[in-house]
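Visitor: Quick one: the structure is below, and I'll ask about it shortly.
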Amino acid sequence: MFNLAEKHEVSDRINVMKPTDAFVTLKDHKPNFTNRPTCRLINPAKSELGKVSKSILDRVNEKVRHATNLNQWRSTSDVVEWFSKIQQKERATFMLFDIAEFYPSISEDLLKQSLDWSRQYCEISQLEYNTIMHCRKSLLFHNNRPWVKKDNPSTFDVTMGSFDGAEICENVGLFILHTLRKTVTSSDIGLYRDDGLAVLKNMTGRTADNLRKKVISAFNALGLKITAESNLKVVNFLDVTFDLRSSSHYPYRKPNDDPVYVHKSSNHPPQILKQIPTAISKRISQLSHNEESFNTASHIYNNALRVSGYNETLTYTTPEKKRKRKRTRKFIWFNPPFCKSVKTNVAKAFLRLIDKHFPPTNPLHKIFNRNTIKVSYSCLPNVRNLIQSHNRKVLRQARDQPETQLCNCRIRNDCPVQGLCLTSRVVYQADISSASSDVVSYIGMTGGSFKNRYANHKKSFRNSKYEKETELSKYIGQLKRQGTPYSIKWSIISTPPPGPATPSHRSLCLEEKFRIMSFTTNRLLNKRSEYLNTCRHSTQTYRRRSTNLNEPTTSSPDPSNQGKQELNIPGSLRQ
């Protein structure tokens with residue numbers, strides 16, 4: 001991963017993959033759930049290189065869609081627009097199909113076929129190709145142990161929760177639509193992720209059913225299974241009901257799926273609360289064929305607004321035609337947290353500072369002005385999130401109790417940090433004394449044990465090819481070339497506790513930066529640029545995973561449980 005990150009020039013912004021626990025969500029809305037329960041597997045452990053893969057696939061999919069004119073829908077409004085263009089609706093029928101377990105059913109061979117086909121319409125370099133395939137390597141983690149799926153010993157997988165999972169499905173979906181061109185006219189069939197809809201014109205019931213069987217066979221040839229229905233006049237697709245008999249469409253909600261909105265008295269910015277009724281009216285109007293359809297469906301949403309404390313009533317608005325943007329502008333966003341207890345208008349004060357410090361006479365005014373900088377409040381976590389975060393922290397501290405042995409040096413008096421060399425997650429200080437200059441200091445940190453970090457420092461002192469690893473090794477190399485004797489005194493200055501697994505709570509790196517900035521003298525080897533370095537540590541120590549799955553990847557109290565495990569998931573529960 002790091003080699004690919006360096007080639008993309010993002011190695012300084014890519015963090016190590018965190019072994020986040022996988023979980024499942026029950027799909028209790030499925031028929032016969034009591035006798036045959038099904039679930040969806042979500043894998044939050046994902047490589048941040050997937051953000052690069054997502055950007056690549058977004059560009060590829062957009063160019064392929066434009067070149068092929070295939071009906072790959074990305075929103076409900078695209079489906080409504082396609083339905084409105086159908087001619088002679090009274091003589092047509094629908095065929096509705098759904099790809100079973102789409103994400104886990106995408107095989108490595110199918111993805112390679114899809115990418116090779118996409119290369120006909122868009123250039124994909126070998127580096128980009130390798131990046132996409134590398135991001136398919138994934139492991140499931142539970143209790144800090146890696147697992148693999150049953151019947152899937154390889155690490156290839158399109159996981160739900162990855163950065164580029166949806167874009168992979170879109171690329172494969174385009175390839176599927178291209179394959180179905182031989183069976184159904186491309187303008188009469190479309191796909192939204194794993195849901196497909198086709199209109200069959202002037203066909204008898206038997207002909208339509210034979211076409212349905214051909215579509216199933218085409219999917220089976222690609223290694224995919226689908227459920228399909230034909231000879232339908234009315235279908236529920238996404239959140240819209242389409243009716244060919246009346247040439248109309250109106251909003252659709254699944255049974256027991258009542259809408260819930262943010263309460264008007266909640267701790268949210270007033271602009272957001274004010275726009276909620278307007279946004280709902282606009283959305284329901286887009287899904288409704290006319291005002292009559294809107295009034296029939298709006299009572300459910302009006303009741304939900306009343307429960308949430310709103311007095312507004314939804315009104316029908318004529319959907320506006322999409323206007324093509326002539327150009328896209330790049331903005332710098334400032335997202336301060338919002339809280340009703342804060343009386344200061346933070347956004348207004350921030351924009352005044354921009355006007356004050358970057359006037360038109362300032363050379364940076366073209367970059368920092370009210371046209372290039374926008375302000376949008378971010379909401380604070382609710383009580384539920386705070387409680388969950390606290391529970392995770394308590395459980396993690398109970399699970400990660402430090403070992404009783406804090407030093408394993410053969411001679412205790414030779415321990416570099418006075419019998420604490422096995423301590424993990426520490427910020428340490430090295431004081432270098434030499435005859436040529438005063439005492440200089442270096443501050444560092446490590447997510448593992450100090451002893452491992454101390455061994456790496458000694459390696460960089462001995463071998464000149466590793467001299468540029470740290471500012472400390474550069475200084476020691478300079479003293480050695482000058483023939484100046486020196487001595488180093490090591491000490492642990494801080495052991496910050498593990499924080500919650502969120503990007504805003506990386507206590508170890510923040511502690512190191514705080515210690516560097518708080519250093520009183522100028523005899524510090526650390527550079528000022530270290531303040532802006534991206535944190536590469538999660539809340540627990542994580543060693544880079546070996547490509548050999550038989551090697552243990554995380555520390556475990558039971559050595560027999562290390563290495564590759566098998567996650568026994570029944571076939572019906574595997575998506």
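In the structure tokens, chains take the letters A, B, ... in the order shown, each chain's residues start at 1, and ligands count up from 1 in the order shown.
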Might you pull out every residue within 9 Å of segment 515-523 of chain A, with only C-alpha atoms counted and same-chain residues fewer than 4 positions away left off, and present them as JSON, numbers by chain?

Guide: {"A": [427, 438, 439, 440, 441, 442, 443, 444, 493, 494, 510, 511, 528, 530, 531]}

Visitor: Using N, CA and C atoms, can you write the selected residues to a file as a PDB file, in the first residue's frame?

Guide:
```
ATOM      1  N   VAL A 427       5.382   9.369  24.567  1.00  0.00           N
ATOM      2  CA  VAL A 427       6.130  10.491  24.012  1.00  0.00           C
ATOM      3  C   VAL A 427       7.437  10.553  24.787  1.00  0.00           C
ATOM      4  N   ASP A 438      26.338  22.733  23.328  1.00  0.00           N
ATOM      5  CA  ASP A 438      25.500  22.530  24.498  1.00  0.00           C
ATOM      6  C   ASP A 438      24.574  21.332  24.285  1.00  0.00           C
ATOM      7  N   VAL A 439      23.847  21.003  25.327  1.00  0.00           N
ATOM      8  CA  VAL A 439      22.907  19.878  25.249  1.00  0.00           C
ATOM      9  C   VAL A 439      21.751  20.241  24.315  1.00  0.00           C
ATOM     10  N   VAL A 440      21.494  19.365  23.347  1.00  0.00           N
ATOM     11  CA  VAL A 440      20.352  19.533  22.442  1.00  0.00           C
ATOM     12  C   VAL A 440      19.379  18.391  22.698  1.00  0.00           C
ATOM     13  N   SER A 441      18.103  18.617  22.356  1.00  0.00           N
ATOM     14  CA  SER A 441      17.052  17.644  22.673  1.00  0.00           C
ATOM     15  C   SER A 441      16.276  17.279  21.424  1.00  0.00           C
ATOM     16  N   TYR A 442      15.674  16.128  21.492  1.00  0.00           N
ATOM     17  CA  TYR A 442      14.789  15.636  20.419  1.00  0.00           C
ATOM     18  C   TYR A 442      13.577  14.987  21.075  1.00  0.00           C
ATOM     19  N   ILE A 443      12.380  15.297  20.557  1.00  0.00           N
ATOM     20  CA  ILE A 443      11.130  14.747  21.097  1.00  0.00           C
ATOM     21  C   ILE A 443      10.490  13.871  20.023  1.00  0.00           C
ATOM     22  N   GLY A 444      10.113  12.675  20.402  1.00  0.00           N
ATOM     23  CA  GLY A 444       9.467  11.743  19.482  1.00  0.00           C
ATOM     24  C   GLY A 444       8.353  10.993  20.174  1.00  0.00           C
ATOM     25  N   ILE A 493       8.436  11.196  28.690  1.00  0.00           N
ATOM     26  CA  ILE A 493       7.886  12.422  29.267  1.00  0.00           C
ATOM     27  C   ILE A 493       6.364  12.414  29.325  1.00  0.00           C
ATOM     28  N   SER A 494       5.698  11.488  28.590  1.00  0.00           N
ATOM     29  CA  SER A 494       4.238  11.468  28.625  1.00  0.00           C
ATOM     30  C   SER A 494       3.749  10.120  28.116  1.00  0.00           C
ATOM     31  N   LEU A 510      -1.169  14.462  19.079  1.00  0.00           N
ATOM     32  CA  LEU A 510      -1.406  15.799  19.630  1.00  0.00           C
ATOM     33  C   LEU A 510      -0.503  16.060  20.830  1.00  0.00           C
ATOM     34  N   GLU A 511      -0.267  15.031  21.649  1.00  0.00           N
ATOM     35  CA  GLU A 511       0.610  15.194  22.818  1.00  0.00           C
ATOM     36  C   GLU A 511       2.038  15.504  22.383  1.00  0.00           C
ATOM     37  N   ARG A 528       9.708  22.812  12.686  1.00  0.00           N
ATOM     38  CA  ARG A 528       8.388  23.411  12.837  1.00  0.00           C
ATOM     39  C   ARG A 528       7.346  22.726  11.944  1.00  0.00           C
ATOM     40  N   GLU A 530       6.728  19.751  11.585  1.00  0.00           N
ATOM     41  CA  GLU A 530       6.138  18.573  12.206  1.00  0.00           C
ATOM     42  C   GLU A 530       4.774  18.871  12.809  1.00  0.00           C
ATOM     43  N   TYR A 531       4.464  20.152  13.021  1.00  0.00           N
ATOM     44  CA  TYR A 531       3.151  20.486  13.564  1.00  0.00           C
ATOM     45  C   TYR A 531       2.031  20.086  12.603  1.00  0.00           C
TER      46      TYR A 531
END
```

Visitor: If you run DSSP over the backbone, which residues in segment 11-178 of chain A end up strand (DSSP E)? Put them as a PyMOL selection string.

Guide: chain A and resi 23-26+39-42+71-72+92-99+140-142+145-149

Visitor: Which residues come within 12 Å of Thr423 of chain A, counting only C-alpha atoms, excluding same-chain residues fewer than 5 positions away, as a list in words?

Guide: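 Listed by chain and then number, they are Gln401, Pro402, Glu403, Thr404, Gln405, Leu406, Cys407, Asn408, Val417, Gln418, Tyr428, Met445, Thr446, Gly447, Gly448, Ser449, Phe450, Lys451, Asn452, Arg453, Tyr454, Ser491, Ile492, Ile493, Ser494, Thr495, Pro496 and Thr541 of chain A.
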
Visitor: Grab the residues selected above and save them as a compact mmCIF listing (two decimals), in the first residue's frame with C-alpha atoms.

Guide:
```txt
# COMPACT_ATOMS: atom_id res chain seq x y z
CA GLN A 401 -4.59 -3.28 30.38
CA PRO A 402 -0.79 -3.00 30.30
CA GLU A 403 1.25 -6.07 31.08
CA THR A 404 2.80 -6.38 34.52
CA GLN A 405 6.26 -6.72 32.94
CA LEU A 406 7.52 -3.25 31.97
CA CYS A 407 11.13 -4.20 31.16
CA ASN A 408 12.83 -7.31 29.79
CA VAL A 417 14.44 4.52 30.38
CA GLN A 418 14.93 3.16 33.90
CA TYR A 428 9.85 10.40 24.75
CA MET A 445 6.59 9.36 19.99
CA THR A 446 5.67 5.77 19.21
CA GLY A 447 2.43 3.82 19.14
CA GLY A 448 4.25 0.57 19.98
CA SER A 449 6.68 -0.18 22.74
CA PHE A 450 9.55 2.21 23.40
CA LYS A 451 12.05 -0.63 23.08
CA ASN A 452 11.12 -1.25 19.43
CA ARG A 453 11.44 2.45 18.66
CA TYR A 454 14.78 2.57 20.52
CA SER A 491 13.38 9.65 29.15
CA ILE A 492 9.63 9.09 28.79
CA ILE A 493 7.89 12.42 29.27
CA SER A 494 4.24 11.47 28.62
CA THR A 495 1.97 8.43 28.24
CA PRO A 496 -1.35 9.76 26.84
CA THR A 541 -1.22 -0.39 18.19
```

Visitor: Against segment 71-86 of chain A, which residues of segment 265-324 of chain A fall within 12 Å? For each one I want the closest pair of atoms and the distance in Å (one decimal), counting only C-alpha atoms, rows by chain and increasing residue number, as CSV.

Guide:
```
residue,atom,partner,partner_atom,distance
A:Lys282,CA,A:Ser77,CA,11.8
A:Arg283,CA,A:Ser77,CA,9.5
A:Ile284,CA,A:Ser77,CA,11.0
A:Ser285,CA,A:Ser77,CA,10.9
A:Gln286,CA,A:Ser77,CA,7.1
A:Leu287,CA,A:Val80,CA,7.4
A:Ser288,CA,A:Val80,CA,9.4
A:His289,CA,A:Val80,CA,9.2
A:Pro319,CA,A:Ser77,CA,10.4
A:Glu320,CA,A:Ser77,CA,11.5
A:Lys321,CA,A:Glu81,CA,10.6
A:Lys322,CA,A:Ser77,CA,10.4
```

Visitor: How would the residues just picked look written out with N, CA and C atoms as a CSV table (one decimal), in the first residue's frame?

Guide:
```csv
chain,number,residue,atom,x,y,z
A,282,LYS,N,-40.0,20.1,-1.8
A,282,LYS,CA,-39.4,20.0,-3.1
A,282,LYS,C,-39.2,18.6,-3.5
A,283,ARG,N,-38.8,17.7,-2.6
A,283,ARG,CA,-38.5,16.3,-2.8
A,283,ARG,C,-39.8,15.6,-3.2
A,284,ILE,N,-40.9,15.8,-2.5
A,284,ILE,CA,-42.1,15.1,-2.7
A,284,ILE,C,-42.7,15.6,-4.1
A,285,SER,N,-42.5,16.8,-4.4
A,285,SER,CA,-43.0,17.4,-5.7
A,285,SER,C,-42.3,16.7,-6.8
A,286,GLN,N,-41.0,16.5,-6.7
A,286,GLN,CA,-40.2,15.8,-7.8
A,286,GLN,C,-40.7,14.4,-8.0
A,287,LEU,N,-41.1,13.7,-6.9
A,287,LEU,CA,-41.6,12.3,-7.0
A,287,LEU,C,-43.0,12.2,-7.4
A,288,SER,N,-43.8,13.3,-7.5
A,288,SER,CA,-45.2,13.2,-7.8
A,288,SER,C,-45.5,13.7,-9.2
A,289,HIS,N,-46.4,13.0,-9.9
A,289,HIS,CA,-46.7,13.3,-11.2
A,289,HIS,C,-47.5,14.6,-11.4
A,319,PRO,N,-41.7,21.1,-10.4
A,319,PRO,CA,-40.2,20.8,-10.5
A,319,PRO,C,-39.5,21.7,-11.5
A,320,GLU,N,-38.4,22.2,-11.1
A,320,GLU,CA,-37.6,23.1,-12.0
A,320,GLU,C,-36.7,22.2,-12.9
A,321,LYS,N,-36.5,22.7,-14.1
A,321,LYS,CA,-35.6,21.9,-15.0
A,321,LYS,C,-34.2,22.1,-14.6
A,322,LYS,N,-33.4,21.1,-14.8
A,322,LYS,CA,-32.0,21.2,-14.4
A,322,LYS,C,-31.2,22.2,-15.3
```

Visitor: Can you list, as a list of chain:residue names, every protein, DNA or RNA residue that comes within 12 Å of Asn3 of chain A when you count only C-alpha atoms, leaving out same-chain residues fewer than 3 positions away?

Guide: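 Here the qualifying residues turn out to be A:Glu6, A:Lys7, A:His8, A:Glu9, A:Val10, A:Ser11, A:Asp12, A:Ile14, A:Leu49, A:Leu127, A:Asn130, A:Thr131, A:His134.
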
Visitor: Would you export the selected residues with C-alpha atoms as a CSV table (one decimal), in the first residue's frame, please?

Guide:
```csv
chain,number,residue,atom,x,y,z
A,6,GLU,CA,4.2,7.1,-2.7
A,7,LYS,CA,3.6,6.8,-6.5
A,8,HIS,CA,0.4,8.8,-6.1
A,9,GLU,CA,2.3,11.3,-3.9
A,10,VAL,CA,-0.1,10.9,-1.0
A,11,SER,CA,2.0,8.9,1.4
A,12,ASP,CA,2.1,11.7,3.9
A,14,ILE,CA,-2.5,8.0,4.1
A,49,LEU,CA,-6.0,4.4,-0.4
A,127,LEU,CA,-0.8,2.4,-11.7
A,130,ASN,CA,-3.1,-1.7,-9.7
A,131,THR,CA,-4.5,0.8,-7.1
A,134,HIS,CA,-5.1,-3.4,-4.4
```

Visitor: Would you pick out the contacts of Val215 of chain A at 10 Å or less, using only C-alpha atoms, so that residues sharing its chain but fewer than 6 positions from it are not included, and give the list as a list in words?

Guide: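 The neighbour list is Phe97, Thr179, Leu180, Lys182, Thr183, Val184, Asp209, Ala221, Ile226 and Ala228 of chain A.
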
Visitor: Selected residues, N, CA, C and O atoms, written as an mmCIF file, in the first residue's frame, please.

Guide:
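Final file, again-v5.cif:
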```cif
data_model
loop_
_atom_site.group_PDB
_atom_site.id
_atom_site.type_symbol
_atom_site.label_atom_id
_atom_site.label_comp_id
_atom_site.auth_asym_id
_atom_site.auth_seq_id
_atom_site.Cartn_x
_atom_site.Cartn_y
_atom_site.Cartn_z
ATOM 1 N N PHE A 97 -36.046 -6.341 -11.822
ATOM 2 C CA PHE A 97 -35.091 -7.350 -11.377
ATOM 3 C C PHE A 97 -34.157 -6.751 -10.324
ATOM 4 O O PHE A 97 -33.948 -5.539 -10.256
ATOM 5 N N THR A 179 -23.543 -5.682 -21.631
ATOM 6 C CA THR A 179 -23.768 -7.089 -21.965
ATOM 7 C C THR A 179 -25.227 -7.347 -22.322
ATOM 8 O O THR A 179 -25.523 -8.162 -23.209
ATOM 9 N N LEU A 180 -26.167 -6.653 -21.672
ATOM 10 C CA LEU A 180 -27.595 -6.867 -21.920
ATOM 11 C C LEU A 180 -28.072 -6.211 -23.201
ATOM 12 O O LEU A 180 -29.249 -6.365 -23.561
ATOM 13 N N LYS A 182 -27.512 -7.058 -26.103
ATOM 14 C CA LYS A 182 -27.893 -8.096 -27.065
ATOM 15 C C LYS A 182 -29.296 -8.642 -26.784
ATOM 16 O O LYS A 182 -29.896 -9.263 -27.659
ATOM 17 N N THR A 183 -29.801 -8.398 -25.573
ATOM 18 C CA THR A 183 -31.096 -8.945 -25.187
ATOM 19 C C THR A 183 -32.184 -7.880 -25.163
ATOM 20 O O THR A 183 -33.298 -8.091 -25.652
ATOM 21 N N VAL A 184 -31.865 -6.717 -24.595
ATOM 22 C CA VAL A 184 -32.831 -5.625 -24.455
ATOM 23 C C VAL A 184 -32.207 -4.355 -25.011
ATOM 24 O O VAL A 184 -31.003 -4.113 -24.836
ATOM 25 N N ASP A 209 -42.010 -13.150 -20.779
ATOM 26 C CA ASP A 209 -41.456 -14.113 -19.840
ATOM 27 C C ASP A 209 -40.216 -14.788 -20.417
ATOM 28 O O ASP A 209 -39.245 -15.051 -19.676
ATOM 29 N N ALA A 221 -24.309 -16.024 -16.627
ATOM 30 C CA ALA A 221 -23.041 -16.141 -17.349
ATOM 31 C C ALA A 221 -21.962 -15.254 -16.738
ATOM 32 O O ALA A 221 -20.765 -15.542 -16.867
ATOM 33 N N ILE A 226 -30.029 -13.208 -9.970
ATOM 34 C CA ILE A 226 -31.027 -12.147 -9.873
ATOM 35 C C ILE A 226 -32.401 -12.753 -9.624
ATOM 36 O O ILE A 226 -32.646 -13.930 -9.899
ATOM 37 N N ALA A 228 -36.245 -11.781 -10.845
ATOM 38 C CA ALA A 228 -36.853 -10.946 -11.881
ATOM 39 C C ALA A 228 -38.339 -11.244 -11.988
ATOM 40 O O ALA A 228 -38.774 -12.387 -11.807
#
```

Visitor: Hey, what's within 7 Å of Ser378 of chain A if we count only C-alpha atoms and toss same-chain stuff fewer than 5 positions away? As a PyMOL selection string, please?

Guide: chain A and resi 335-338

Visitor: Quote the spacing between atom CA of Glu291 of chain A and atom CA of Ala279 of chain A in Å to one decimal place.

Guide: 16.6 Å

Visitor: Give me the residues near His142 of chain A as number ranges by chain, where near means some atom within 10 Å (using only C-alpha atoms) and where sequence neighbours in that chain fewer than 6 positions away do not count.

Guide: A: 19-23, 567

Visitor: The selected residues should be written to file as a PDB file, in the first residue's frame (atoms: N, CA and C atoms).

Guide:
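Now in again32.pdb:
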```
ATOM      1  N   PRO A  19      -7.847  -1.838  12.484  1.00  0.00           N
ATOM      2  CA  PRO A  19      -8.605  -3.093  12.570  1.00  0.00           C
ATOM      3  C   PRO A  19      -9.956  -2.892  13.254  1.00  0.00           C
ATOM      4  N   THR A  20     -10.855  -2.154  12.601  1.00  0.00           N
ATOM      5  CA  THR A  20     -12.167  -1.872  13.174  1.00  0.00           C
ATOM      6  C   THR A  20     -13.063  -3.091  13.059  1.00  0.00           C
ATOM      7  N   ASP A  21     -13.841  -3.356  14.108  1.00  0.00           N
ATOM      8  CA  ASP A  21     -14.673  -4.550  14.138  1.00  0.00           C
ATOM      9  C   ASP A  21     -15.746  -4.501  13.054  1.00  0.00           C
ATOM     10  N   ALA A  22     -15.946  -5.637  12.376  1.00  0.00           N
ATOM     11  CA  ALA A  22     -17.032  -5.780  11.416  1.00  0.00           C
ATOM     12  C   ALA A  22     -18.340  -6.032  12.163  1.00  0.00           C
ATOM     13  N   PHE A  23     -19.473  -5.732  11.516  1.00  0.00           N
ATOM     14  CA  PHE A  23     -20.768  -5.974  12.146  1.00  0.00           C
ATOM     15  C   PHE A  23     -21.794  -6.280  11.060  1.00  0.00           C
ATOM     16  N   LEU A 567     -14.474 -16.971   9.032  1.00  0.00           N
ATOM     17  CA  LEU A 567     -15.754 -16.450   9.469  1.00  0.00           C
ATOM     18  C   LEU A 567     -16.839 -17.269   8.819  1.00  0.00           C
TER      19      LEU A 567
END
```
